[in-house]
$ cat input.cif   # mmCIF, C-alpha atoms
data_query
#
loop_
_atom_site.group_PDB
_atom_site.id
_atom_site.type_symbol
_atom_site.label_atom_id
_atom_site.label_comp_id
_atom_site.auth_asym_id
_atom_site.auth_seq_id
_atom_site.Cartn_x
_atom_site.Cartn_y
_atom_site.Cartn_z
ATOM 1 C CA MET G 211 36.443 -0.814 -45.089
ATOM 2 C CA LYS G 212 34.379 -0.304 -48.234
ATOM 3 C CA LYS G 213 30.691 0.446 -47.938
ATOM 4 C CA LYS G 214 28.519 -2.509 -48.886
ATOM 5 C CA LEU G 215 25.895 -1.826 -51.571
ATOM 6 C CA TYR G 216 23.305 -4.432 -52.520
ATOM 7 C CA PHE G 217 21.763 -4.106 -55.968
ATOM 8 C CA LEU G 218 18.360 -5.792 -56.316
ATOM 9 C CA GLY G 219 16.715 -6.598 -59.643
ATOM 10 C CA TYR G 220 18.337 -6.112 -63.015
ATOM 11 C CA THR G 221 21.726 -7.648 -63.817
ATOM 12 C CA ASN G 222 24.583 -5.859 -65.553
ATOM 13 C CA LYS G 223 23.179 -7.176 -68.861
ATOM 14 C CA LYS G 224 19.960 -5.171 -68.267
ATOM 15 C CA THR G 225 21.359 -1.955 -66.790
ATOM 16 C CA LYS G 226 24.478 0.157 -67.120
ATOM 17 C CA ILE G 227 24.163 1.189 -63.471
ATOM 18 C CA ILE G 228 26.008 -1.861 -62.140
ATOM 19 C CA ASN G 229 29.117 -1.166 -64.227
ATOM 20 C CA PHE G 230 28.910 2.479 -63.130
ATOM 21 C CA LEU G 231 28.754 1.365 -59.483
ATOM 22 C CA LYS G 232 31.688 -1.016 -59.882
ATOM 23 C CA LYS G 233 33.893 1.995 -60.683
ATOM 24 C CA LYS G 234 33.061 3.519 -57.291
ATOM 25 C CA ASN G 235 34.832 2.688 -54.058
ATOM 26 C CA LEU G 236 32.046 0.345 -52.921
ATOM 27 C CA LEU G 237 31.626 -3.372 -52.417
ATOM 28 C CA ILE G 238 28.823 -4.172 -54.890
ATOM 29 C CA ILE G 239 26.735 -7.279 -54.285
ATOM 30 C CA GLU G 240 24.386 -8.134 -57.145
ATOM 31 C CA PHE G 241 21.339 -9.748 -55.612
ATOM 32 C CA GLY G 242 19.266 -10.184 -58.776
ATOM 33 C CA ASN G 243 15.698 -11.248 -58.056
ATOM 34 C CA ARG G 244 16.561 -13.487 -55.117
ATOM 35 C CA THR G 245 14.555 -12.788 -51.980
ATOM 36 C CA LEU G 246 16.251 -10.202 -49.799
ATOM 37 C CA THR G 247 17.125 -11.902 -46.521
ATOM 38 C CA GLU G 248 17.200 -10.406 -43.036
ATOM 39 C CA LYS G 249 20.951 -10.986 -42.880
ATOM 40 C CA ALA G 250 21.589 -9.181 -46.185
ATOM 41 C CA ALA G 251 19.248 -6.321 -45.258
ATOM 42 C CA SER G 252 21.024 -5.718 -41.955
ATOM 43 C CA GLU G 253 24.545 -5.971 -43.475
ATOM 44 C CA ALA G 254 24.096 -3.542 -46.364
ATOM 45 C CA ASP G 255 25.073 0.096 -46.036
ATOM 46 C CA LEU G 256 22.851 0.920 -49.003
ATOM 47 C CA ILE G 257 20.346 -1.080 -51.055
ATOM 48 C CA ILE G 258 19.278 -0.065 -54.558
ATOM 49 C CA SER G 259 16.245 -1.679 -56.197
ATOM 50 C CA PHE G 260 15.786 -1.453 -59.966
ATOM 51 C CA GLY G 261 13.589 -3.940 -61.790
ATOM 52 C CA TYR G 262 13.201 -6.027 -58.629
ATOM 53 C CA LYS G 263 10.190 -8.326 -58.968
ATOM 54 C CA LYS G 264 9.477 -8.950 -55.290
ATOM 55 C CA ILE G 265 7.703 -6.919 -52.657
ATOM 56 C CA ILE G 266 10.022 -6.298 -49.719
ATOM 57 C CA LYS G 267 8.317 -7.189 -46.465
ATOM 58 C CA LYS G 268 8.074 -4.871 -43.459
ATOM 59 C CA ASN G 269 10.301 -7.064 -41.259
ATOM 60 C CA ILE G 270 13.106 -6.643 -43.829
ATOM 61 C CA LEU G 271 12.495 -2.895 -44.173
ATOM 62 C CA ASP G 272 12.789 -2.561 -40.402
ATOM 63 C CA LEU G 273 16.323 -4.014 -40.496
ATOM 64 C CA VAL G 274 17.959 -1.765 -43.105
ATOM 65 C CA LYS G 275 20.407 0.927 -42.011
ATOM 66 C CA ARG G 276 18.707 3.458 -44.241
ATOM 67 C CA PRO G 277 15.678 3.283 -46.548
ATOM 68 C CA ILE G 278 16.051 1.185 -49.693
ATOM 69 C CA ILE G 279 16.191 3.332 -52.823
ATOM 70 C CA ASN G 280 13.950 2.292 -55.710
ATOM 71 C CA LEU G 281 14.228 3.348 -59.345
ATOM 72 C CA HIS G 282 10.773 3.397 -60.944
ATOM 73 C CA ILE G 283 9.889 4.183 -64.547
ATOM 74 C CA SER G 284 6.850 6.314 -63.855
ATOM 75 C CA TYR G 285 6.220 9.796 -62.585
ATOM 76 C CA LEU G 286 4.933 8.904 -59.138
ATOM 77 C CA PRO G 287 2.288 8.912 -57.756
ATOM 78 C CA PHE G 288 0.980 7.876 -61.174
ATOM 79 C CA ASN G 289 1.314 4.293 -62.391
ATOM 80 C CA ARG G 290 2.596 2.665 -59.248
ATOM 81 C CA GLY G 291 3.172 -1.081 -59.461
ATOM 82 C CA ALA G 292 3.470 -3.169 -62.620
ATOM 83 C CA HIS G 293 3.806 -1.993 -66.247
ATOM 84 C CA PRO G 294 3.929 1.736 -65.482
ATOM 85 C CA ASN G 295 4.934 2.706 -69.023
ATOM 86 C CA PHE G 296 1.907 0.950 -70.542
ATOM 87 C CA TRP G 297 -0.550 2.512 -68.089
ATOM 88 C CA SER G 298 0.827 6.030 -68.543
ATOM 89 C CA PHE G 299 -0.303 5.894 -72.174
ATOM 90 C CA ILE G 300 -3.586 4.080 -71.535
ATOM 91 C CA GLU G 301 -4.639 6.511 -68.799
ATOM 92 C CA ASN G 302 -2.889 9.531 -70.337
ATOM 93 C CA THR G 303 -1.056 10.360 -67.124
ATOM 94 C CA ILE G 304 2.239 12.192 -66.735
ATOM 95 C CA LYS G 305 5.126 10.140 -68.080
ATOM 96 C CA GLY G 306 8.462 10.124 -66.332
ATOM 97 C CA VAL G 307 10.826 8.458 -63.904
ATOM 98 C CA THR G 308 11.176 8.565 -60.123
ATOM 99 C CA ILE G 309 13.814 7.702 -57.545
ATOM 100 C CA HIS G 310 12.169 7.136 -54.165
ATOM 101 C CA GLU G 311 12.600 5.445 -50.810
ATOM 102 C CA ILE G 312 10.802 2.142 -50.353
ATOM 103 C CA ASP G 313 8.308 1.815 -47.542
ATOM 104 C CA LYS G 314 5.761 -0.894 -46.740
ATOM 105 C CA ARG G 315 3.357 0.235 -49.500
ATOM 106 C CA ILE G 316 3.935 -0.169 -53.247
ATOM 107 C CA ASP G 317 5.755 2.820 -54.799
ATOM 108 C CA VAL G 318 4.530 5.285 -52.182
ATOM 109 C CA GLY G 319 7.766 6.038 -50.324
ATOM 110 C CA LYS G 320 9.252 9.500 -50.077
ATOM 111 C CA ILE G 321 10.308 10.900 -53.454
ATOM 112 C CA LEU G 322 13.947 11.854 -53.857
ATOM 113 C CA PHE G 323 14.042 12.834 -57.534
ATOM 114 C CA ARG G 324 11.563 12.855 -60.427
ATOM 115 C CA LYS G 325 11.779 13.791 -64.062
ATOM 116 C CA LYS G 326 8.957 14.271 -66.554
ATOM 117 C CA ILE G 327 9.461 12.719 -69.985
ATOM 118 C CA ASN G 328 7.571 14.030 -72.992
ATOM 119 C CA PHE G 329 6.929 11.514 -75.775
ATOM 120 C CA LYS G 330 6.071 13.977 -78.550
ATOM 121 C CA LYS G 331 6.340 11.525 -81.421
ATOM 122 C CA LYS G 332 4.381 8.620 -79.979
ATOM 123 C CA ASN G 333 2.630 7.798 -83.307
ATOM 124 C CA ASN G 334 5.674 5.819 -84.417
ATOM 125 C CA LEU G 335 6.799 4.700 -80.983
ATOM 126 C CA THR G 336 6.201 1.191 -79.648
ATOM 127 C CA PHE G 337 5.651 0.356 -75.985
ATOM 128 C CA ARG G 338 9.081 -1.335 -75.978
ATOM 129 C CA GLU G 339 10.775 1.778 -77.383
ATOM 130 C CA ALA G 340 9.069 4.015 -74.817
ATOM 131 C CA HIS G 341 10.104 1.585 -72.063
ATOM 132 C CA ASN G 342 13.715 1.674 -73.263
ATOM 133 C CA ILE G 343 13.681 5.485 -73.248
ATOM 134 C CA LEU G 344 12.413 5.466 -69.658
ATOM 135 C CA ILE G 345 15.101 2.965 -68.642
ATOM 136 C CA GLN G 346 17.770 5.230 -70.155
ATOM 137 C CA GLU G 347 16.280 8.263 -68.389
ATOM 138 C CA ILE G 348 16.145 6.634 -64.932
ATOM 139 C CA GLU G 349 19.699 5.299 -65.325
ATOM 140 C CA ASP G 350 20.958 8.743 -66.323
ATOM 141 C CA LEU G 351 19.090 10.388 -63.429
ATOM 142 C CA PHE G 352 20.537 7.870 -60.959
ATOM 143 C CA ILE G 353 24.085 8.379 -62.259
ATOM 144 C CA LEU G 354 23.656 12.163 -62.148
ATOM 145 C CA LYS G 355 22.356 12.082 -58.558
ATOM 146 C CA PHE G 356 24.520 9.206 -57.296
ATOM 147 C CA ASN G 357 26.812 11.207 -54.994
ATOM 148 C CA ILE G 358 23.837 12.970 -53.438
ATOM 149 C CA LEU G 359 22.092 9.610 -52.927
ATOM 150 C CA VAL G 360 25.096 7.918 -51.326
ATOM 151 C CA LYS G 361 25.716 10.835 -48.973
ATOM 152 C CA LYS G 362 21.968 11.028 -48.262
ATOM 153 C CA ASN G 363 22.247 14.725 -49.005
ATOM 154 C CA TYR G 364 18.763 15.125 -50.453
ATOM 155 C CA LYS G 365 15.410 16.510 -49.434
ATOM 156 C CA VAL G 366 12.497 14.124 -49.566
ATOM 157 C CA GLU G 367 9.088 14.939 -50.984
ATOM 158 C CA LYS G 368 5.998 13.197 -49.722
ATOM 159 C CA ILE G 369 3.488 12.313 -52.403
ATOM 160 C CA GLN G 370 0.602 14.734 -52.011
ATOM 161 C CA LYS G 371 -1.766 13.510 -54.720
ATOM 162 C CA LYS G 372 -3.567 10.245 -54.946
ATOM 163 C CA GLY G 373 -2.156 8.405 -57.943
ATOM 164 C CA THR G 374 -2.855 5.168 -59.723
ATOM 165 C CA ILE G 375 -1.689 1.602 -59.163
ATOM 166 C CA HIS G 376 -1.755 -1.494 -61.344
ATOM 167 C CA TYR G 377 -0.849 -5.123 -60.822
ATOM 168 C CA LYS G 378 0.461 -7.729 -63.263
ATOM 169 C CA LYS G 379 -3.031 -9.229 -63.494
ATOM 170 C CA ASP G 380 -4.420 -5.883 -64.745
ATOM 171 C CA LEU G 381 -2.553 -6.091 -68.060
ATOM 172 C CA PRO G 382 -5.086 -6.749 -70.872
ATOM 173 C CA LYS G 383 -4.983 -10.264 -72.330
ATOM 174 C CA TYR G 384 -5.152 -8.879 -75.887
ATOM 175 C CA LEU G 385 -1.785 -7.135 -75.496
ATOM 176 C CA LYS G 386 0.323 -9.785 -77.197
ATOM 177 C CA ASN G 387 3.655 -7.993 -77.475
ATOM 178 C CA TRP G 388 5.406 -4.761 -76.548
ATOM 179 C CA ASP G 389 6.390 -4.007 -80.157
ATOM 180 C CA VAL G 390 2.934 -2.725 -81.085
ATOM 181 C CA LYS G 391 2.822 0.980 -81.978
ATOM 182 C CA ILE G 392 1.352 2.938 -79.076
ATOM 183 C CA GLU G 393 -0.892 5.081 -81.265
ATOM 184 C CA LYS G 394 -2.262 2.025 -83.072
ATOM 185 C CA TYR G 395 -2.993 0.283 -79.779
ATOM 186 C CA LEU G 396 -4.733 3.353 -78.371
ATOM 187 C CA THR G 397 -6.948 3.835 -81.426
ATOM 188 C CA THR G 398 -7.791 0.115 -81.581
ATOM 189 C CA TYR G 399 -8.476 -0.652 -77.918
ATOM 190 C CA CYS G 400 -8.973 2.650 -76.098
ATOM 191 C CA LYS G 401 -11.714 4.488 -77.963
#

$ encode --input "input.cif" --output "structure tokens"
Amino acid sequence: MKKKLYFLGYTNKKTKIINFLKKKNLLIIEFGNRTLTEKAASEADLIISFGYKKIIKKNILDLVKRPIINLHISYLPFNRGAHPNFWSFIENTIKGVTIHEIDKRIDVGKILFRKKINFKKKNNLTFREAHNILIQEIEDLFILKFNILVKKNYKVEKIQKKGTIHYKKDLPKYLKNWDVKIEKYLTTYCK
């Protein structure tokens, strides 16, 4: 019997990971942003979260066969929560991507893989372009490490430093669109 993998969050229109997974010998169930149920959590052999907009409650986490794997577009522990790309520039923290296990706190689970990303030419880069680069990087990292992830043949790293966290409500009201140049935004609003 094929292993059952639930994919939470982005659809195949938003990520190349789903089409990659469909080529594997797995039963892929695209869950989208529907609420993860107790039944689904207990049935899945593996759950991947990428772009999932809901916080998974402890009672659900207690039912999974193994920790849910989350793909996050920040270099944890920095910029946990919402809009990590934006905050990495505003707070001048390390930019990058992280694959980690989900626990009951937001983006604090054990780290499986991280990669730093250096945006050298940010003067001409928009927030949307930086976001798209991070999406590409986390997808590539996931695909590269997929066999290790499925076999659970990895060493975990506990986050040692205290990082930062932001919520949707923290996003400034004057940020009207993601196509603004990062450097222009920083010089206008972050002096």

$ resolve_selection --input "input.cif" --expression "the PyMOL selection byres ((chain G and resi 218-221) around 12)" --output "JSON, numbers by chain"
{"G": [215, 216, 217, 222, 223, 224, 225, 226, 227, 228, 229, 238, 239, 240, 241, 242, 243, 244, 245, 246, 247, 250, 251, 254, 256, 257, 258, 259, 260, 261, 262, 263, 264, 265, 266, 278, 279, 280, 281, 282, 345, 349]}

$ residues_around --input "input.cif" --residues "range 384-397 of chain G" --least-positions-apart "2" --cutoff "8 Å" --atoms "only C-alpha atoms" --output "list in words"
Phe299, Ile300, Lys332, Asn333, Asn334, Leu335, Thr336, Phe337, Arg338, Glu339, Leu381, Pro382, Tyr399, Cys400 and Lys401 of chain G

$ resolve_selection --input "input.cif" --expression "the PyMOL selection byres ((chain G and resi 307-310) around 6)" --output "list in words"
Ile279, Asn280, Leu281, His282, Ile283, Ser284, Tyr285, Gly306, Glu311, Gly319, Lys320, Ile321, Leu322, Phe323, Arg324, Lys325 and Ile348 of chain G

$ closest_residue --input "input.cif" --among "G:Lys214, G:Lys365, G:Lys330, G:Arg290" --to "Lys378 in chain G" --atoms "all atoms listed in the file"
G:Arg290

$ atom_distance --input "input.cif" --atom1 "CA of Phe288 in chain G" --atom2 "CA of Glu367 in chain G"
14.8 Å

$ resolve_selection --input "input.cif" --expression "the PyMOL selection byres ((chain G and resi 327) around 6)" --output "PyMOL selection string"
chain G and resi 305-306+326+328

$ atom_distance --input "input.cif" --atom1 "CA of Leu231 in chain G" --atom2 "CA of Leu271 in chain G"
22.7 Å

$ atom_distance --input "input.cif" --atom1 "CA of Arg276 in chain G" --atom2 "CA of Gln370 in chain G"
22.7 Å

$ closest_residue --input "input.cif" --among "G:Asn363, G:Thr398, G:Asn342, G:Asn357" --to "Asn235 in chain G" --atoms "only C-alpha atoms"
G:Asn357

$ closest_residue --input "input.cif" --among "G:Lys362, G:Lys249, G:Lys355, G:His341" --to "Leu273 in chain G" --atoms "only C-alpha atoms"
G:Lys249

$ residues_around --input "input.cif" --residues "Lys372 in chain G" --least-positions-apart "5" --cutoff "12 Å" --atoms "all atoms listed in the file" --output "VMD selection string"
chain G and resid 286 to 290 317 to 318

$ closest_residue --input "input.cif" --among "G:Phe230, G:Phe352, G:Trp297, G:Pro277" --to "Val366 in chain G" --atoms "only C-alpha atoms"
G:Pro277

$ closest_residue --input "input.cif" --among "G:Leu344, G:Met211, G:Leu359, G:Val274" --to "Ser298 in chain G" --atoms "all atoms listed in the file"
G:Leu344

$ build_atoms --input "input.cif" --residues "range 374-390 of chain G" --atoms "N, CA and C atoms" --output "PDB file, in the coordinates of the input"
ATOM      1  N   THR G 374      -2.251   6.392 -59.203  1.00  0.00           N
ATOM      2  CA  THR G 374      -2.855   5.168 -59.723  1.00  0.00           C
ATOM      3  C   THR G 374      -1.916   4.003 -59.432  1.00  0.00           C
ATOM      4  N   ILE G 375      -2.494   2.817 -59.375  1.00  0.00           N
ATOM      5  CA  ILE G 375      -1.689   1.602 -59.163  1.00  0.00           C
ATOM      6  C   ILE G 375      -2.258   0.486 -60.026  1.00  0.00           C
ATOM      7  N   HIS G 376      -1.355  -0.344 -60.532  1.00  0.00           N
ATOM      8  CA  HIS G 376      -1.755  -1.494 -61.344  1.00  0.00           C
ATOM      9  C   HIS G 376      -0.902  -2.699 -60.964  1.00  0.00           C
ATOM     10  N   TYR G 377      -1.515  -3.870 -61.133  1.00  0.00           N
ATOM     11  CA  TYR G 377      -0.849  -5.123 -60.822  1.00  0.00           C
ATOM     12  C   TYR G 377      -0.646  -5.904 -62.118  1.00  0.00           C
ATOM     13  N   LYS G 378       0.208  -6.903 -62.067  1.00  0.00           N
ATOM     14  CA  LYS G 378       0.461  -7.729 -63.263  1.00  0.00           C
ATOM     15  C   LYS G 378      -0.837  -8.241 -63.869  1.00  0.00           C
ATOM     16  N   LYS G 379      -1.765  -8.650 -63.023  1.00  0.00           N
ATOM     17  CA  LYS G 379      -3.031  -9.229 -63.494  1.00  0.00           C
ATOM     18  C   LYS G 379      -3.898  -8.207 -64.242  1.00  0.00           C
ATOM     19  N   ASP G 380      -3.624  -6.929 -64.097  1.00  0.00           N
ATOM     20  CA  ASP G 380      -4.420  -5.883 -64.745  1.00  0.00           C
ATOM     21  C   ASP G 380      -4.098  -5.729 -66.234  1.00  0.00           C
ATOM     22  N   LEU G 381      -2.964  -6.246 -66.664  1.00  0.00           N
ATOM     23  CA  LEU G 381      -2.553  -6.091 -68.060  1.00  0.00           C
ATOM     24  C   LEU G 381      -3.557  -6.800 -68.969  1.00  0.00           C
ATOM     25  N   PRO G 382      -4.094  -6.115 -69.987  1.00  0.00           N
ATOM     26  CA  PRO G 382      -5.086  -6.749 -70.872  1.00  0.00           C
ATOM     27  C   PRO G 382      -4.544  -7.995 -71.574  1.00  0.00           C
ATOM     28  N   LYS G 383      -5.380  -8.995 -71.691  1.00  0.00           N
ATOM     29  CA  LYS G 383      -4.983 -10.264 -72.330  1.00  0.00           C
ATOM     30  C   LYS G 383      -4.685 -10.068 -73.821  1.00  0.00           C
ATOM     31  N   TYR G 384      -5.336  -9.082 -74.441  1.00  0.00           N
ATOM     32  CA  TYR G 384      -5.152  -8.879 -75.887  1.00  0.00           C
ATOM     33  C   TYR G 384      -3.861  -8.140 -76.222  1.00  0.00           C
ATOM     34  N   LEU G 385      -3.103  -7.710 -75.222  1.00  0.00           N
ATOM     35  CA  LEU G 385      -1.785  -7.135 -75.496  1.00  0.00           C
ATOM     36  C   LEU G 385      -0.818  -8.303 -75.666  1.00  0.00           C
ATOM     37  N   LYS G 386      -0.487  -8.589 -76.900  1.00  0.00           N
ATOM     38  CA  LYS G 386       0.323  -9.785 -77.197  1.00  0.00           C
ATOM     39  C   LYS G 386       1.820  -9.508 -77.188  1.00  0.00           C
ATOM     40  N   ASN G 387       2.223  -8.286 -77.535  1.00  0.00           N
ATOM     41  CA  ASN G 387       3.655  -7.993 -77.475  1.00  0.00           C
ATOM     42  C   ASN G 387       3.884  -6.491 -77.338  1.00  0.00           C
ATOM     43  N   TRP G 388       5.058  -6.148 -76.838  1.00  0.00           N
ATOM     44  CA  TRP G 388       5.406  -4.761 -76.548  1.00  0.00           C
ATOM     45  C   TRP G 388       5.849  -3.998 -77.783  1.00  0.00           C
ATOM     46  N   ASP G 389       5.932  -4.668 -78.939  1.00  0.00           N
ATOM     47  CA  ASP G 389       6.390  -4.007 -80.157  1.00  0.00           C
ATOM     48  C   ASP G 389       5.265  -3.381 -80.968  1.00  0.00           C
ATOM     49  N   VAL G 390       4.055  -3.375 -80.425  1.00  0.00           N
ATOM     50  CA  VAL G 390       2.934  -2.725 -81.085  1.00  0.00           C
ATOM     51  C   VAL G 390       3.115  -1.208 -80.964  1.00  0.00           C
TER      52      VAL G 390
END
